[in-house]
Amino acid sequence: MLYFDIMNRVYFDHAATTPVDKRVLEAMLPYFSDSFGNPSSVLIEEGGPPRQALDEARKKVANLIGARSEEVLFTSSATESNNLAIKGLALAHKSKGNKILFSEIEHYSIMLQADSLRGLGFEVDFVKVDTDGLIDMADLKKKVTKGTILASIMQANMEIGTVQPIKEIGRFLKEQGVLFHSDGAGTCGQIPVNVQELGVDAMTISGHQFYGPKGAAGLYLRSGVPMRPILHGGFQEMGYRAGTENVPAIVGFGEASRLAQVEMEEKVARVARLGQKLWAGIASITYLHFTGHPTQRLPGHVSFWIEFVEGESLLLWLNLNGIAASTGSACASNVLAADETGLKASHVLTAVGVPPEICHGSITFSLGRENTEEEVDYALSVMPTIVDRLREMSPLYEKAKGGK
Amino acid sequence: MLYFDIMNRVYFDHAATTPVDKRVLEAMLPYFSDSFGNPSSVLIEEGGPPRQALDEARKKVANLIGARSEEVLFTSSATESNNLAIKGLALAHKSKGNKILFSEIEHYSIMLQADSLRGLGFEVDFVKVDTDGLIDMADLKKKVTKGTILASIMQANMEIGTVQPIKEIGRFLKEQGVLFHSDGAGTCGQIPVNVQELGVDAMTISGHQFYGPKGAAGLYLRSGVPMRPILHGGFQEMGYRAGTENVPAIVGFGEASRLAQVEMEEKVARVARLGQKLWAGIASITYLHFTGHPTQRLPGHVSFWIEFVEGESLLLWLNLNGIAASTGSACASNVLAADETGLKASHVLTAVGVPPEICHGSITFSLGRENTEEEVDYALSVMPTIVDRLREMSPLYEKAKGGK
Amino acid sequence: MAQGPYSDKVMDHFMHPRNMGEIEDASGVGEVGNPACGDVMRLYLKIEDGKIVDAKFKTFGCGAAIASSSMTTELIKGKSIDEALKLSNEAVSEALGGLPPAKQHCSVLAEDALRAALEDYKKKQGTA
Amino acid sequence: MAQGPYSDKVMDHFMHPRNMGEIEDASGVGEVGNPACGDVMRLYLKIEDGKIVDAKFKTFGCGAAIASSSMTTELIKGKSIDEALKLSNEAVSEALGGLPPAKQHCSVLAEDALRAALEDYKKKQGTA
Ligand SMILES: Cc1ncc(COP(=O)(O)O)c(C=O)c1O
Ligand SMILES: Cc1ncc(COP(=O)(O)O)c(C=O)c1O
């Protein structure tokens, strides 16, 4: 019995993006048509309010992560922050060595830089994770060698939810004199993050995952760490990132950061509770395997795969029943790719040892502050029906059942 | 008699940026908190409206410049478009040669790529302009040599207003088999532009100079021309530009393009008329030199420098009298630079032969559609007083007057 | 629905697959694909007097795979073997109102399943 | 106003320069800078009994240059030559509530102009 007449959507895909908070939009509005000036127009009055707004926003983002204002750069997206951090730090420290480490489960915006880095004369190696998605510290220690200048290890993977022990990793890398960038797109604004405590040299911050607007993101860069720009031009962002600033989006990013900080505790508690309920309920589905670490994970993040159930079909049926989720990395869906080479098994699932021949797509439910207990109940009521239906269609399930 | 109590600002700095048109903002609003989905979330309903909105916007921008939809890529700024075009085309065509040509008067977002291109193994040479700012065709012909793969010549320089004969340049470059990128940040949406007629392979389009929002810009890339991305990651923008799309800004950019196209003729006529009036009135100031071409120039663009009058001081006084203008390239003001190395004479003025020892900063008035004849009259009434005052303070003027 | 990657036809066949199931005494069965590449299709044919009188399928796979299987059964029912052999993946894809480029291989898989089932039928005939 | 690159003090001295003009029978005149680098400052001093009794300036330059000139004249009026010689560019900049990094050289220019004018005075004294 499937439901096709869904009025209210159940949005369990906050890892992909979130709606802009109305208070955030309110803060942005004056900067479109009224205080519209170019912040670089420092000699005329029009440049004043937008420039002050950038300063304010920088303070708010810095506060969220325990940094100083001068240590926060604005970019257009987490992808750009990741590209700036990796290429910019690598190029600025090339004289010290040419080896770069990524974890195996980085987002595409780190992973797919490897080729371009090799073209620039760098070597890229990948650090393993265990079956819970946690960095294999022994492998990290083995792979940091003489010429290693930079390591990029994400704080949380949005496909499997695992949160890394960044502090421990940071301590080790510091001892070794290796620069440490961490992609915090999945964590900053969502769980408490303090860059000082974590010991990172650079960290990517994404606004649109915590009710800020698309089009603005941040890069924390510890004071005194040299970095090259990748977009050349004007003297914006202390010379690290040229181009007229997207003032309204940056203002929104700042305000979202302020709100996230103020409301963090309550929100985390709430979505964690809902997430636990969802987790417990889903656990009763047979042949279901949770992915990621059972406890060291993002609050409200429930990810799994089900034998004999193909991920896309499950996602489509959830969608038809009013539930928005994602399969694989939310930002990397590639059904619309130019050809089928984009349709490989998720590198993240492979890295945590999920057998590609029985898993076809994980499902990620990422909850947000507006979700309710009723929505969780509803999802739990719908899941078994869909799973049964898809299994009924599957020649594989029948074999498993039939014992053949 | 200077006026310090200005209620209404006279904004003559449209080359720096423009306010977002209210109709444009209206079009953007649904995409912040309502149709907020990630366009890459193709399998869920939330991804539909934003993805359709991107398609629509792409069509509108393509229409504005006579391109096909698939030939328009979205970026975060004209600066990014310029960086993507130059680095992306250069890298994709490296096997054919390593020589790149820029005009001497390109914006910093082209100019300052030179070092990074040299680091990648390219040679960069610069094509001269004449005293009106027009490309020296003989010099261009001389400098296109065997290994030349790419030339970037802007359509209009925002500091001096000169509009280049792009069609003629394009025809020549095509004959020579040299790829042609043109920075159209100063022209697209402001004067009629047709990429087919112009014969460019790539063209930068900036939205915030024609009443679109900051945070979205475009790059026209002719079908079939290979280009490498510079931001690696997800599969957005046909693989040319990774990162979650800034949907509201792109929607606004599209709507601004549509409006610009519909209202182009009327707006151009109007600002051209006001510009001519301003030009004629200002011409009566002694020791004043107009910059750029007298007729082949942007409508409503009046640029000049005045002997014995320092540009920044003039700009500050204009500002105190309620008039917003710019000195040098509007987007490249550098009073806030980290040190004084940023305070060199404008490379554009030097290129058109303005003697740095008597010119200290040009002033650019760039008019927009909301400017009125009264505002022009007001500016004309204020200018002589300010100029007199600054000259009175200048030890140089006194010498000139005194004949010493 | 056509906002998504799939045409309305694909979604219709995905939501309401035609001829899903098995044929107990099938004249020919074809199974293609392998789970490692994401889709497995099994096609059952009932053939009488050289004519496909019934067709059913079971498919593990994405929306396009399910819709392609469903559409294939529809297209071949009532056809002669020779006619069925002429069915191309393009015809399946076209009948579905098109498939995204990355999903064209699903229609190829359907064509393969059909050929395998007919192959199986011929083999059974030969050895019968 | 302090929204711009300049402090309120700088803007005040820019808008209302103190001691702008010339001294006909100056005891010492110093001119520094050259137009090629953007600023030219000329400082006139009237010195009586080793004390600066009047100071005036003419400056071609940016806001910071004009304000630095103006502030310098204010700071040295009434001072002895020895005291005036101790005036540093930092003191000028500080009295102006700070200058942007890229504009610090304007206060250096003001210090230079002062030294040049005092030099000129001494030379005139020597040859008088
Ligand atoms: C961990 C991580 N980093 C970076 C990104 C890229 O974010 P954006 O597409 O906003 O640039 C994503 C997207 O999901 C992500 O999951
Ligand atoms: C010709 C030209 N191209 C590019 C740019 C860069 O624009 P943005 O700062 O919006 O990236 C400018 C800025 O004024 C410009 O004048």
# chains A, B, ... in the order shown; residues from 1 in each chain; ligands from 1

$ residues_around --residues "A:His301" --least-positions-apart "2" --cutoff "10 Å" --atoms "only C-alpha atoms" --output "PDB file with all heavy atoms, in the first residue's frame"
ATOM      1  N   PHE A  12      14.354  14.649   4.633  1.00  0.00           N
ATOM      2  CA  PHE A  12      15.428  13.985   5.386  1.00  0.00           C
ATOM      3  C   PHE A  12      16.728  14.046   4.587  1.00  0.00           C
ATOM      4  O   PHE A  12      17.483  13.080   4.528  1.00  0.00           O
ATOM      5  CB  PHE A  12      15.071  12.501   5.623  1.00  0.00           C
ATOM      6  CG  PHE A  12      14.071  12.255   6.720  1.00  0.00           C
ATOM      7  CD1 PHE A  12      13.637  10.960   6.998  1.00  0.00           C
ATOM      8  CD2 PHE A  12      13.564  13.286   7.506  1.00  0.00           C
ATOM      9  CE1 PHE A  12      12.731  10.696   8.016  1.00  0.00           C
ATOM     10  CE2 PHE A  12      12.632  13.042   8.530  1.00  0.00           C
ATOM     11  CZ  PHE A  12      12.219  11.740   8.788  1.00  0.00           C
ATOM     12  N   ASP A  13      16.987  15.195   3.975  1.00  0.00           N
ATOM     13  CA  ASP A  13      18.159  15.297   3.110  1.00  0.00           C
ATOM     14  C   ASP A  13      18.952  16.569   3.404  1.00  0.00           C
ATOM     15  O   ASP A  13      19.430  17.254   2.498  1.00  0.00           O
ATOM     16  CB  ASP A  13      17.717  15.248   1.639  1.00  0.00           C
ATOM     17  CG  ASP A  13      18.877  14.945   0.694  1.00  0.00           C
ATOM     18  OD1 ASP A  13      19.919  14.458   1.166  1.00  0.00           O
ATOM     19  OD2 ASP A  13      18.730  15.214  -0.514  1.00  0.00           O
ATOM     20  N   HIS A  14      19.096  16.866   4.687  1.00  0.00           N
ATOM     21  CA  HIS A  14      19.790  18.088   5.087  1.00  0.00           C
ATOM     22  C   HIS A  14      21.270  18.069   4.753  1.00  0.00           C
ATOM     23  O   HIS A  14      21.917  19.113   4.746  1.00  0.00           O
ATOM     24  CB  HIS A  14      19.575  18.338   6.583  1.00  0.00           C
ATOM     25  CG  HIS A  14      18.151  18.657   6.922  1.00  0.00           C
ATOM     26  ND1 HIS A  14      17.174  17.678   7.028  1.00  0.00           N
ATOM     27  CD2 HIS A  14      17.527  19.828   7.140  1.00  0.00           C
ATOM     28  CE1 HIS A  14      16.020  18.246   7.307  1.00  0.00           C
ATOM     29  NE2 HIS A  14      16.200  19.552   7.387  1.00  0.00           N
ATOM     30  N   ALA A  15      21.816  16.897   4.477  1.00  0.00           N
ATOM     31  CA  ALA A  15      23.223  16.838   4.076  1.00  0.00           C
ATOM     32  C   ALA A  15      23.403  17.402   2.669  1.00  0.00           C
ATOM     33  O   ALA A  15      24.481  17.887   2.322  1.00  0.00           O
ATOM     34  CB  ALA A  15      23.742  15.408   4.129  1.00  0.00           C
ATOM     35  N   MET A 158      29.472  12.862   4.676  1.00  0.00           N
ATOM     36  CA  MET A 158      28.018  13.012   4.668  1.00  0.00           C
ATOM     37  C   MET A 158      27.296  11.785   4.141  1.00  0.00           C
ATOM     38  O   MET A 158      26.090  11.681   4.257  1.00  0.00           O
ATOM     39  CB  MET A 158      27.630  14.234   3.853  1.00  0.00           C
ATOM     40  CG  MET A 158      28.248  15.490   4.437  1.00  0.00           C
ATOM     41  SD  MET A 158      27.152  16.872   4.299  1.00  0.00           S
ATOM     42  CE  MET A 158      28.268  18.153   3.788  1.00  0.00           C
ATOM     43  N   GLU A 159      28.029  10.857   3.541  1.00  0.00           N
ATOM     44  CA  GLU A 159      27.385   9.647   3.043  1.00  0.00           C
ATOM     45  C   GLU A 159      27.220   8.621   4.161  1.00  0.00           C
ATOM     46  O   GLU A 159      26.196   7.944   4.237  1.00  0.00           O
ATOM     47  CB  GLU A 159      28.223   9.052   1.897  1.00  0.00           C
ATOM     48  CG  GLU A 159      27.577   7.840   1.242  1.00  0.00           C
ATOM     49  CD  GLU A 159      28.276   7.437  -0.048  1.00  0.00           C
ATOM     50  OE1 GLU A 159      29.199   8.145  -0.485  1.00  0.00           O
ATOM     51  OE2 GLU A 159      27.887   6.414  -0.635  1.00  0.00           O
ATOM     52  N   ILE A 160      28.220   8.531   5.037  1.00  0.00           N
ATOM     53  CA  ILE A 160      28.139   7.511   6.095  1.00  0.00           C
ATOM     54  C   ILE A 160      28.106   8.098   7.503  1.00  0.00           C
ATOM     55  O   ILE A 160      27.928   7.372   8.471  1.00  0.00           O
ATOM     56  CB  ILE A 160      29.311   6.498   5.985  1.00  0.00           C
ATOM     57  CG1 ILE A 160      30.654   7.229   6.072  1.00  0.00           C
ATOM     58  CG2 ILE A 160      29.216   5.704   4.679  1.00  0.00           C
ATOM     59  CD1 ILE A 160      31.849   6.282   6.170  1.00  0.00           C
ATOM     60  N   GLY A 161      28.290   9.403   7.621  1.00  0.00           N
ATOM     61  CA  GLY A 161      28.064  10.067   8.903  1.00  0.00           C
ATOM     62  C   GLY A 161      29.191  10.009   9.920  1.00  0.00           C
ATOM     63  O   GLY A 161      29.135  10.712  10.941  1.00  0.00           O
ATOM     64  N   THR A 162      30.219   9.213   9.668  1.00  0.00           N
ATOM     65  CA  THR A 162      31.303   9.058  10.646  1.00  0.00           C
ATOM     66  C   THR A 162      32.035  10.376  10.902  1.00  0.00           C
ATOM     67  O   THR A 162      32.399  11.077   9.962  1.00  0.00           O
ATOM     68  CB  THR A 162      32.320   8.016  10.128  1.00  0.00           C
ATOM     69  OG1 THR A 162      31.640   6.785   9.909  1.00  0.00           O
ATOM     70  CG2 THR A 162      33.467   7.823  11.130  1.00  0.00           C
ATOM     71  N   VAL A 271      17.822  16.652  17.018  1.00  0.00           N
ATOM     72  CA  VAL A 271      17.968  15.789  15.842  1.00  0.00           C
ATOM     73  C   VAL A 271      18.635  14.467  16.218  1.00  0.00           C
ATOM     74  O   VAL A 271      18.357  13.439  15.604  1.00  0.00           O
ATOM     75  CB  VAL A 271      18.717  16.455  14.650  1.00  0.00           C
ATOM     76  CG1 VAL A 271      18.018  17.725  14.198  1.00  0.00           C
ATOM     77  CG2 VAL A 271      20.163  16.734  14.961  1.00  0.00           C
ATOM     78  N   ALA A 272      19.473  14.499  17.245  1.00  0.00           N
ATOM     79  CA  ALA A 272      20.096  13.247  17.674  1.00  0.00           C
ATOM     80  C   ALA A 272      19.019  12.281  18.177  1.00  0.00           C
ATOM     81  O   ALA A 272      19.028  11.094  17.848  1.00  0.00           O
ATOM     82  CB  ALA A 272      21.127  13.523  18.759  1.00  0.00           C
ATOM     83  N   LEU A 274      15.807  12.224  17.399  1.00  0.00           N
ATOM     84  CA  LEU A 274      15.018  11.735  16.261  1.00  0.00           C
ATOM     85  C   LEU A 274      15.813  10.705  15.456  1.00  0.00           C
ATOM     86  O   LEU A 274      15.269   9.686  15.014  1.00  0.00           O
ATOM     87  CB  LEU A 274      14.611  12.899  15.350  1.00  0.00           C
ATOM     88  CG  LEU A 274      13.577  13.877  15.911  1.00  0.00           C
ATOM     89  CD1 LEU A 274      13.314  14.990  14.895  1.00  0.00           C
ATOM     90  CD2 LEU A 274      12.278  13.154  16.246  1.00  0.00           C
ATOM     91  N   GLY A 275      17.084  10.992  15.275  1.00  0.00           N
ATOM     92  CA  GLY A 275      17.941  10.084  14.518  1.00  0.00           C
ATOM     93  C   GLY A 275      18.019   8.719  15.183  1.00  0.00           C
ATOM     94  O   GLY A 275      17.964   7.678  14.509  1.00  0.00           O
ATOM     95  N   GLN A 276      18.125   8.736  16.513  1.00  0.00           N
ATOM     96  CA  GLN A 276      18.188   7.464  17.237  1.00  0.00           C
ATOM     97  C   GLN A 276      16.909   6.663  17.061  1.00  0.00           C
ATOM     98  O   GLN A 276      16.927   5.453  16.876  1.00  0.00           O
ATOM     99  CB  GLN A 276      18.479   7.708  18.722  1.00  0.00           C
ATOM    100  CG  GLN A 276      19.976   7.872  18.992  1.00  0.00           C
ATOM    101  CD  GLN A 276      20.264   8.825  20.136  1.00  0.00           C
ATOM    102  OE1 GLN A 276      19.358   9.142  20.917  1.00  0.00           O
ATOM    103  NE2 GLN A 276      21.492   9.290  20.219  1.00  0.00           N
ATOM    104  N   LEU A 278      14.869   6.835  14.526  1.00  0.00           N
ATOM    105  CA  LEU A 278      14.840   6.339  13.149  1.00  0.00           C
ATOM    106  C   LEU A 278      15.756   5.113  13.019  1.00  0.00           C
ATOM    107  O   LEU A 278      15.386   4.096  12.432  1.00  0.00           O
ATOM    108  CB  LEU A 278      15.286   7.460  12.204  1.00  0.00           C
ATOM    109  CG  LEU A 278      15.167   7.218  10.705  1.00  0.00           C
ATOM    110  CD1 LEU A 278      13.742   6.868  10.298  1.00  0.00           C
ATOM    111  CD2 LEU A 278      15.639   8.443   9.914  1.00  0.00           C
ATOM    112  N   TRP A 279      16.928   5.228  13.558  1.00  0.00           N
ATOM    113  CA  TRP A 279      17.922   4.141  13.534  1.00  0.00           C
ATOM    114  C   TRP A 279      17.317   2.858  14.134  1.00  0.00           C
ATOM    115  O   TRP A 279      17.336   1.787  13.516  1.00  0.00           O
ATOM    116  CB  TRP A 279      19.160   4.574  14.319  1.00  0.00           C
ATOM    117  CG  TRP A 279      20.294   3.595  14.350  1.00  0.00           C
ATOM    118  CD1 TRP A 279      20.327   2.387  14.980  1.00  0.00           C
ATOM    119  CD2 TRP A 279      21.573   3.737  13.727  1.00  0.00           C
ATOM    120  NE1 TRP A 279      21.541   1.779  14.807  1.00  0.00           N
ATOM    121  CE2 TRP A 279      22.333   2.585  14.034  1.00  0.00           C
ATOM    122  CE3 TRP A 279      22.161   4.735  12.947  1.00  0.00           C
ATOM    123  CZ2 TRP A 279      23.643   2.404  13.589  1.00  0.00           C
ATOM    124  CZ3 TRP A 279      23.462   4.563  12.509  1.00  0.00           C
ATOM    125  CH2 TRP A 279      24.187   3.416  12.817  1.00  0.00           C
ATOM    126  N   GLY A 292      28.908   3.496   8.458  1.00  0.00           N
ATOM    127  CA  GLY A 292      29.506   4.496   9.341  1.00  0.00           C
ATOM    128  C   GLY A 292      29.609   3.991  10.765  1.00  0.00           C
ATOM    129  O   GLY A 292      29.207   2.870  11.087  1.00  0.00           O
ATOM    130  N   ARG A 297      29.264   9.696  15.169  1.00  0.00           N
ATOM    131  CA  ARG A 297      28.657  10.076  13.898  1.00  0.00           C
ATOM    132  C   ARG A 297      27.865  11.366  14.045  1.00  0.00           C
ATOM    133  O   ARG A 297      27.586  11.831  15.152  1.00  0.00           O
ATOM    134  CB  ARG A 297      27.778   8.948  13.369  1.00  0.00           C
ATOM    135  CG  ARG A 297      26.639   8.518  14.279  1.00  0.00           C
ATOM    136  CD  ARG A 297      25.902   7.286  13.732  1.00  0.00           C
ATOM    137  NE  ARG A 297      25.300   7.589  12.432  1.00  0.00           N
ATOM    138  CZ  ARG A 297      25.759   7.109  11.256  1.00  0.00           C
ATOM    139  NH1 ARG A 297      26.781   6.279  11.220  1.00  0.00           N
ATOM    140  NH2 ARG A 297      25.174   7.441  10.127  1.00  0.00           N
ATOM    141  N   LEU A 298      27.508  11.923  12.929  1.00  0.00           N
ATOM    142  CA  LEU A 298      26.717  13.154  12.929  1.00  0.00           C
ATOM    143  C   LEU A 298      25.362  12.899  13.566  1.00  0.00           C
ATOM    144  O   LEU A 298      24.737  11.870  13.299  1.00  0.00           O
ATOM    145  CB  LEU A 298      26.509  13.643  11.486  1.00  0.00           C
ATOM    146  CG  LEU A 298      27.748  14.185  10.770  1.00  0.00           C
ATOM    147  CD1 LEU A 298      27.436  14.413   9.289  1.00  0.00           C
ATOM    148  CD2 LEU A 298      28.202  15.491  11.417  1.00  0.00           C
ATOM    149  N   PRO A 299      24.886  13.816  14.392  1.00  0.00           N
ATOM    150  CA  PRO A 299      23.559  13.633  14.973  1.00  0.00           C
ATOM    151  C   PRO A 299      22.482  13.691  13.889  1.00  0.00           C
ATOM    152  O   PRO A 299      22.573  14.498  12.959  1.00  0.00           O
ATOM    153  CB  PRO A 299      23.425  14.815  15.947  1.00  0.00           C
ATOM    154  CG  PRO A 299      24.415  15.828  15.480  1.00  0.00           C
ATOM    155  CD  PRO A 299      25.533  15.056  14.841  1.00  0.00           C
ATOM    156  N   SER A 303      22.425   6.110   7.992  1.00  0.00           N
ATOM    157  CA  SER A 303      22.786   5.663   6.646  1.00  0.00           C
ATOM    158  C   SER A 303      22.922   4.146   6.638  1.00  0.00           C
ATOM    159  O   SER A 303      23.352   3.546   7.615  1.00  0.00           O
ATOM    160  CB  SER A 303      24.078   6.329   6.200  1.00  0.00           C
ATOM    161  OG  SER A 303      25.115   6.086   7.126  1.00  0.00           O
ATOM    162  N   THR A 364      20.945   7.636   2.638  1.00  0.00           N
ATOM    163  CA  THR A 364      21.271   8.497   3.771  1.00  0.00           C
ATOM    164  C   THR A 364      20.040   9.314   4.134  1.00  0.00           C
ATOM    165  O   THR A 364      19.487  10.010   3.281  1.00  0.00           O
ATOM    166  CB  THR A 364      22.426   9.446   3.417  1.00  0.00           C
ATOM    167  OG1 THR A 364      23.581   8.666   3.150  1.00  0.00           O
ATOM    168  CG2 THR A 364      22.708  10.397   4.561  1.00  0.00           C
ATOM    169  N   PHE A 365      19.635   9.190   5.389  1.00  0.00           N
ATOM    170  CA  PHE A 365      18.637  10.103   5.937  1.00  0.00           C
ATOM    171  C   PHE A 365      19.396  11.098   6.795  1.00  0.00           C
ATOM    172  O   PHE A 365      20.056  10.712   7.757  1.00  0.00           O
ATOM    173  CB  PHE A 365      17.645   9.348   6.839  1.00  0.00           C
ATOM    174  CG  PHE A 365      16.680   8.453   6.114  1.00  0.00           C
ATOM    175  CD1 PHE A 365      16.444   7.161   6.562  1.00  0.00           C
ATOM    176  CD2 PHE A 365      15.962   8.908   5.007  1.00  0.00           C
ATOM    177  CE1 PHE A 365      15.529   6.327   5.918  1.00  0.00           C
ATOM    178  CE2 PHE A 365      15.042   8.077   4.358  1.00  0.00           C
ATOM    179  CZ  PHE A 365      14.831   6.791   4.806  1.00  0.00           C
ATOM    180  N   SER A 366      19.314  12.368   6.465  1.00  0.00           N
ATOM    181  CA  SER A 366      19.970  13.378   7.309  1.00  0.00           C
ATOM    182  C   SER A 366      18.896  14.334   7.814  1.00  0.00           C
ATOM    183  O   SER A 366      18.271  15.055   7.045  1.00  0.00           O
ATOM    184  CB  SER A 366      21.062  14.097   6.527  1.00  0.00           C
ATOM    185  OG  SER A 366      20.626  14.478   5.245  1.00  0.00           O
ATOM    186  N   LEU A 367      18.693  14.291   9.115  1.00  0.00           N
ATOM    187  CA  LEU A 367      17.587  15.046   9.706  1.00  0.00           C
ATOM    188  C   LEU A 367      17.990  16.479  10.044  1.00  0.00           C
ATOM    189  O   LEU A 367      19.175  16.778  10.225  1.00  0.00           O
ATOM    190  CB  LEU A 367      17.098  14.325  10.974  1.00  0.00           C
ATOM    191  CG  LEU A 367      16.058  13.224  10.718  1.00  0.00           C
ATOM    192  CD1 LEU A 367      16.526  12.216   9.696  1.00  0.00           C
ATOM    193  CD2 LEU A 367      15.677  12.532  12.027  1.00  0.00           C
ATOM    194  N   GLY A 368      16.995  17.320  10.112  1.00  0.00           N
ATOM    195  CA  GLY A 368      17.244  18.723  10.449  1.00  0.00           C
ATOM    196  C   GLY A 368      16.292  19.180  11.530  1.00  0.00           C
ATOM    197  O   GLY A 368      15.422  18.419  11.975  1.00  0.00           O
TER     198      GLY A 368
END

$ residues_near_ligand --ligand "ligand 1" --cutoff "8 Å" --atoms "only C-alpha atoms and all ligand atoms" --output "PyMOL selection string"
(chain A and resi 15-17+76-82+106-110+154-159+183-186+204+206+208-209+214+217+329-332) or (chain B and resi 233-234+242-245)

$ atom_distance --atom1 "atom CA of D:Gly30" --atom2 "atom CA of D:Asp12"
24.2 Å

$ atom_distance --atom1 "atom CA of B:Ile153" --atom2 "atom CA of B:Ser346"
17.6 Å

$ residues_around --residues "D:Arg42" --least-positions-apart "5" --cutoff "7 Å" --atoms "only C-alpha atoms" --output "MDAnalysis selection string"
(chainID B and resid 395) or (chainID D and resid 29:32 57:59 113)
